[in-house]
Structures are given as C-alpha cells and as structure tokens.
Amino acid sequence: MPQIFSIGSYLIYFWSNEGEPLEPVHIHVSKGHPEKNATKIWITKTLHCLVSNNNSKIPEHTLNNIIEIIENRAFEIVSEWQTRFGELKFYC
C-alpha cells in the first residue's frame, strides 16, 4: 500500500495492485489505516476529482476539504502514479 500523503488522520494512498488491466488514475482515502472498502476518488485529465464512492463514510464537509487538497496536489499524485505503475489512463 503506497501511501502518498496524509491529511490529518486521513490517509491518501494507492493499492500496490490497482487491477489488471490497470485502472485509471485514482486514490483511496480512509481514516487511520488502509481499508479494503475505502473511499475512491478518480483524478481526471484536467486534474480535478470525481468521487467514485464514499465507502469510508467520510462526512461531506470533511470530504469536500479533502478533495480540495487532493486537487491542489493532483499533479503530484499523477506523477507518483506514473512512477509506480508506468502508465497513465484517466477515467475522463
């Protein structure tokens, strides 16, 4: 589980295996520790976020703040994805 960074007690991470074939660029968010059913957020070509699901049940206000930070760091996330997985594909 490659952790990218944290926001307070929330972890922002990829799984080591993001599917075969590789899924589009996205991150997982969970509080305290990685969870199998964590919140999943797609990063778009324009470096914005789309929430795929909020399985971690992050409160809406908190999730909006997390999304804002993720969008501000989206270039870093995409670069890290490219480094770890060797390819880029976007959901949209």
# chains A, B, ... in the order shown; residues from 1 in each chain; ligands from 1

call {"tool": "select_by_dssp", "arguments": {"residues": "chain A", "states": "strand (DSSP E)", "output": "PyMOL selection string"}}
result
chain A and resi 3-7+10-13+26-31+39-43+49-53

call {"tool": "residues_around", "arguments": {"residues": "stretch 26-35 of chain A", "least_positions_apart": "4", "cutoff": "10 Å", "atoms": "only C-alpha atoms", "output": "number ranges by chain"}}
result
A: 1, 3-4, 6-15, 18, 39-44, 49-58, 63, 66, 70, 74, 77-78, 81, 89-91

call {"tool": "closest_residue", "arguments": {"among": "A:Cys92, A:Pro21, A:Phe5, A:Asn64", "to": "A:Glu76", "atoms": "only C-alpha atoms"}}
result
A:Phe5

call {"tool": "atom_distance", "arguments": {"atom1": "atom CA of A:Ile69", "atom2": "atom CA of A:Val25"}}
result
16.5 Å

call {"tool": "atom_distance", "arguments": {"atom1": "atom CA of A:Ser16", "atom2": "atom CA of A:Glu87"}}
result
14.1 Å

call {"tool": "decode", "arguments": {"residues": "stretch 27-41 of chain A", "atoms": "all heavy atoms", "output": "PDB file, in the first residue's frame"}}
result
ATOM      1  N   ILE A  27      -7.154   7.531  -6.310  1.00  0.00           N
ATOM      2  CA  ILE A  27      -6.585   7.336  -4.980  1.00  0.00           C
ATOM      3  C   ILE A  27      -7.672   6.774  -4.073  1.00  0.00           C
ATOM      4  O   ILE A  27      -8.862   6.820  -4.390  1.00  0.00           O
ATOM      5  CB  ILE A  27      -5.992   8.653  -4.385  1.00  0.00           C
ATOM      6  CG1 ILE A  27      -6.969   9.835  -4.465  1.00  0.00           C
ATOM      7  CG2 ILE A  27      -4.710   9.025  -5.087  1.00  0.00           C
ATOM      8  CD1 ILE A  27      -7.793   9.972  -3.260  1.00  0.00           C
ATOM      9  N   HIS A  28      -7.208   6.249  -2.944  1.00  0.00           N
ATOM     10  CA  HIS A  28      -8.106   5.760  -1.906  1.00  0.00           C
ATOM     11  C   HIS A  28      -7.894   6.627  -0.674  1.00  0.00           C
ATOM     12  O   HIS A  28      -6.783   7.093  -0.419  1.00  0.00           O
ATOM     13  CB  HIS A  28      -7.797   4.300  -1.581  1.00  0.00           C
ATOM     14  CG  HIS A  28      -7.924   3.413  -2.776  1.00  0.00           C
ATOM     15  ND1 HIS A  28      -9.116   2.875  -3.175  1.00  0.00           N
ATOM     16  CD2 HIS A  28      -7.012   2.997  -3.677  1.00  0.00           C
ATOM     17  CE1 HIS A  28      -8.931   2.150  -4.254  1.00  0.00           C
ATOM     18  NE2 HIS A  28      -7.646   2.210  -4.588  1.00  0.00           N
ATOM     19  N   VAL A  29      -8.962   6.832   0.079  1.00  0.00           N
ATOM     20  CA  VAL A  29      -8.904   7.653   1.285  1.00  0.00           C
ATOM     21  C   VAL A  29      -9.599   6.886   2.407  1.00  0.00           C
ATOM     22  O   VAL A  29     -10.719   6.408   2.229  1.00  0.00           O
ATOM     23  CB  VAL A  29      -9.629   9.007   1.088  1.00  0.00           C
ATOM     24  CG1 VAL A  29      -9.530   9.863   2.341  1.00  0.00           C
ATOM     25  CG2 VAL A  29      -9.104   9.749  -0.126  1.00  0.00           C
ATOM     26  N   SER A  30      -8.910   6.770   3.535  1.00  0.00           N
ATOM     27  CA  SER A  30      -9.531   6.175   4.716  1.00  0.00           C
ATOM     28  C   SER A  30      -8.908   6.778   5.968  1.00  0.00           C
ATOM     29  O   SER A  30      -7.803   7.323   5.925  1.00  0.00           O
ATOM     30  CB  SER A  30      -9.393   4.649   4.716  1.00  0.00           C
ATOM     31  OG  SER A  30      -8.049   4.266   4.686  1.00  0.00           O
ATOM     32  N   LYS A  31      -9.623   6.676   7.034  1.00  0.00           N
ATOM     33  CA  LYS A  31      -9.177   7.270   8.297  1.00  0.00           C
ATOM     34  C   LYS A  31      -8.389   6.255   9.108  1.00  0.00           C
ATOM     35  O   LYS A  31      -8.872   5.143   9.353  1.00  0.00           O
ATOM     36  CB  LYS A  31     -10.382   7.765   9.091  1.00  0.00           C
ATOM     37  CG  LYS A  31     -10.015   8.594  10.298  1.00  0.00           C
ATOM     38  CD  LYS A  31     -11.237   9.219  10.911  1.00  0.00           C
ATOM     39  CE  LYS A  31     -10.833  10.197  12.004  1.00  0.00           C
ATOM     40  NZ  LYS A  31     -11.989  10.903  12.525  1.00  0.00           N
ATOM     41  N   GLY A  32      -7.177   6.650   9.496  1.00  0.00           N
ATOM     42  CA  GLY A  32      -6.383   5.839  10.401  1.00  0.00           C
ATOM     43  C   GLY A  32      -5.536   4.757   9.780  1.00  0.00           C
ATOM     44  O   GLY A  32      -4.364   4.653  10.066  1.00  0.00           O
ATOM     45  N   HIS A  33      -6.128   3.944   8.914  1.00  0.00           N
ATOM     46  CA  HIS A  33      -5.392   2.848   8.286  1.00  0.00           C
ATOM     47  C   HIS A  33      -6.081   2.471   6.980  1.00  0.00           C
ATOM     48  O   HIS A  33      -7.265   2.753   6.792  1.00  0.00           O
ATOM     49  CB  HIS A  33      -5.322   1.637   9.233  1.00  0.00           C
ATOM     50  CG  HIS A  33      -6.669   1.161   9.676  1.00  0.00           C
ATOM     51  ND1 HIS A  33      -7.433   0.294   8.939  1.00  0.00           N
ATOM     52  CD2 HIS A  33      -7.404   1.449  10.776  1.00  0.00           C
ATOM     53  CE1 HIS A  33      -8.579   0.063   9.555  1.00  0.00           C
ATOM     54  NE2 HIS A  33      -8.583   0.764  10.681  1.00  0.00           N
ATOM     55  N   PRO A  34      -5.344   1.834   6.060  1.00  0.00           N
ATOM     56  CA  PRO A  34      -5.950   1.419   4.792  1.00  0.00           C
ATOM     57  C   PRO A  34      -7.102   0.437   5.031  1.00  0.00           C
ATOM     58  O   PRO A  34      -7.038  -0.403   5.927  1.00  0.00           O
ATOM     59  CB  PRO A  34      -4.801   0.731   4.056  1.00  0.00           C
ATOM     60  CG  PRO A  34      -3.575   1.260   4.693  1.00  0.00           C
ATOM     61  CD  PRO A  34      -3.924   1.513   6.131  1.00  0.00           C
ATOM     62  N   GLU A  35      -8.139   0.584   4.231  1.00  0.00           N
ATOM     63  CA  GLU A  35      -9.308  -0.295   4.321  1.00  0.00           C
ATOM     64  C   GLU A  35      -9.634  -0.841   2.944  1.00  0.00           C
ATOM     65  O   GLU A  35      -9.506  -0.125   1.945  1.00  0.00           O
ATOM     66  CB  GLU A  35     -10.521   0.484   4.824  1.00  0.00           C
ATOM     67  CG  GLU A  35     -10.373   1.068   6.199  1.00  0.00           C
ATOM     68  CD  GLU A  35     -11.561   1.938   6.578  1.00  0.00           C
ATOM     69  OE1 GLU A  35     -12.503   2.091   5.766  1.00  0.00           O
ATOM     70  OE2 GLU A  35     -11.539   2.483   7.693  1.00  0.00           O
ATOM     71  N   LYS A  36     -10.071  -2.080   2.911  1.00  0.00           N
ATOM     72  CA  LYS A  36     -10.433  -2.704   1.639  1.00  0.00           C
ATOM     73  C   LYS A  36     -11.513  -1.901   0.911  1.00  0.00           C
ATOM     74  O   LYS A  36     -11.460  -1.727  -0.289  1.00  0.00           O
ATOM     75  CB  LYS A  36     -10.903  -4.133   1.871  1.00  0.00           C
ATOM     76  CG  LYS A  36     -11.230  -4.867   0.614  1.00  0.00           C
ATOM     77  CD  LYS A  36     -11.628  -6.295   0.872  1.00  0.00           C
ATOM     78  CE  LYS A  36     -11.934  -6.989  -0.439  1.00  0.00           C
ATOM     79  NZ  LYS A  36     -12.350  -8.366  -0.229  1.00  0.00           N
ATOM     80  N   ASN A  37     -12.484  -1.401   1.625  1.00  0.00           N
ATOM     81  CA  ASN A  37     -13.582  -0.649   1.016  1.00  0.00           C
ATOM     82  C   ASN A  37     -13.457   0.847   1.300  1.00  0.00           C
ATOM     83  O   ASN A  37     -14.409   1.484   1.731  1.00  0.00           O
ATOM     84  CB  ASN A  37     -14.926  -1.181   1.516  1.00  0.00           C
ATOM     85  CG  ASN A  37     -15.204  -2.555   0.993  1.00  0.00           C
ATOM     86  OD1 ASN A  37     -14.954  -2.843  -0.168  1.00  0.00           O
ATOM     87  ND2 ASN A  37     -15.689  -3.436   1.836  1.00  0.00           N
ATOM     88  N   ALA A  38     -12.296   1.399   1.033  1.00  0.00           N
ATOM     89  CA  ALA A  38     -12.051   2.823   1.279  1.00  0.00           C
ATOM     90  C   ALA A  38     -12.755   3.682   0.232  1.00  0.00           C
ATOM     91  O   ALA A  38     -13.148   3.207  -0.838  1.00  0.00           O
ATOM     92  CB  ALA A  38     -10.551   3.103   1.250  1.00  0.00           C
ATOM     93  N   THR A  39     -12.885   4.955   0.554  1.00  0.00           N
ATOM     94  CA  THR A  39     -13.399   5.930  -0.406  1.00  0.00           C
ATOM     95  C   THR A  39     -12.451   5.967  -1.599  1.00  0.00           C
ATOM     96  O   THR A  39     -11.238   5.947  -1.443  1.00  0.00           O
ATOM     97  CB  THR A  39     -13.510   7.304   0.272  1.00  0.00           C
ATOM     98  OG1 THR A  39     -14.507   7.210   1.297  1.00  0.00           O
ATOM     99  CG2 THR A  39     -13.881   8.406  -0.715  1.00  0.00           C
ATOM    100  N   LYS A  40     -13.016   6.022  -2.800  1.00  0.00           N
ATOM    101  CA  LYS A  40     -12.225   6.016  -4.041  1.00  0.00           C
ATOM    102  C   LYS A  40     -12.525   7.291  -4.811  1.00  0.00           C
ATOM    103  O   LYS A  40     -13.691   7.640  -5.010  1.00  0.00           O
ATOM    104  CB  LYS A  40     -12.579   4.787  -4.873  1.00  0.00           C
ATOM    105  CG  LYS A  40     -11.792   4.638  -6.149  1.00  0.00           C
ATOM    106  CD  LYS A  40     -12.185   3.325  -6.794  1.00  0.00           C
ATOM    107  CE  LYS A  40     -11.396   3.023  -8.023  1.00  0.00           C
ATOM    108  NZ  LYS A  40     -11.779   1.709  -8.573  1.00  0.00           N
ATOM    109  N   ILE A  41     -11.450   7.971  -5.245  1.00  0.00           N
ATOM    110  CA  ILE A  41     -11.586   9.240  -5.967  1.00  0.00           C
ATOM    111  C   ILE A  41     -10.768   9.174  -7.241  1.00  0.00           C
ATOM    112  O   ILE A  41      -9.560   8.925  -7.206  1.00  0.00           O
ATOM    113  CB  ILE A  41     -11.126  10.419  -5.082  1.00  0.00           C
ATOM    114  CG1 ILE A  41     -11.978  10.491  -3.808  1.00  0.00           C
ATOM    115  CG2 ILE A  41     -11.174  11.733  -5.862  1.00  0.00           C
ATOM    116  CD1 ILE A  41     -11.522  11.520  -2.797  1.00  0.00           C
TER     117      ILE A  41
END
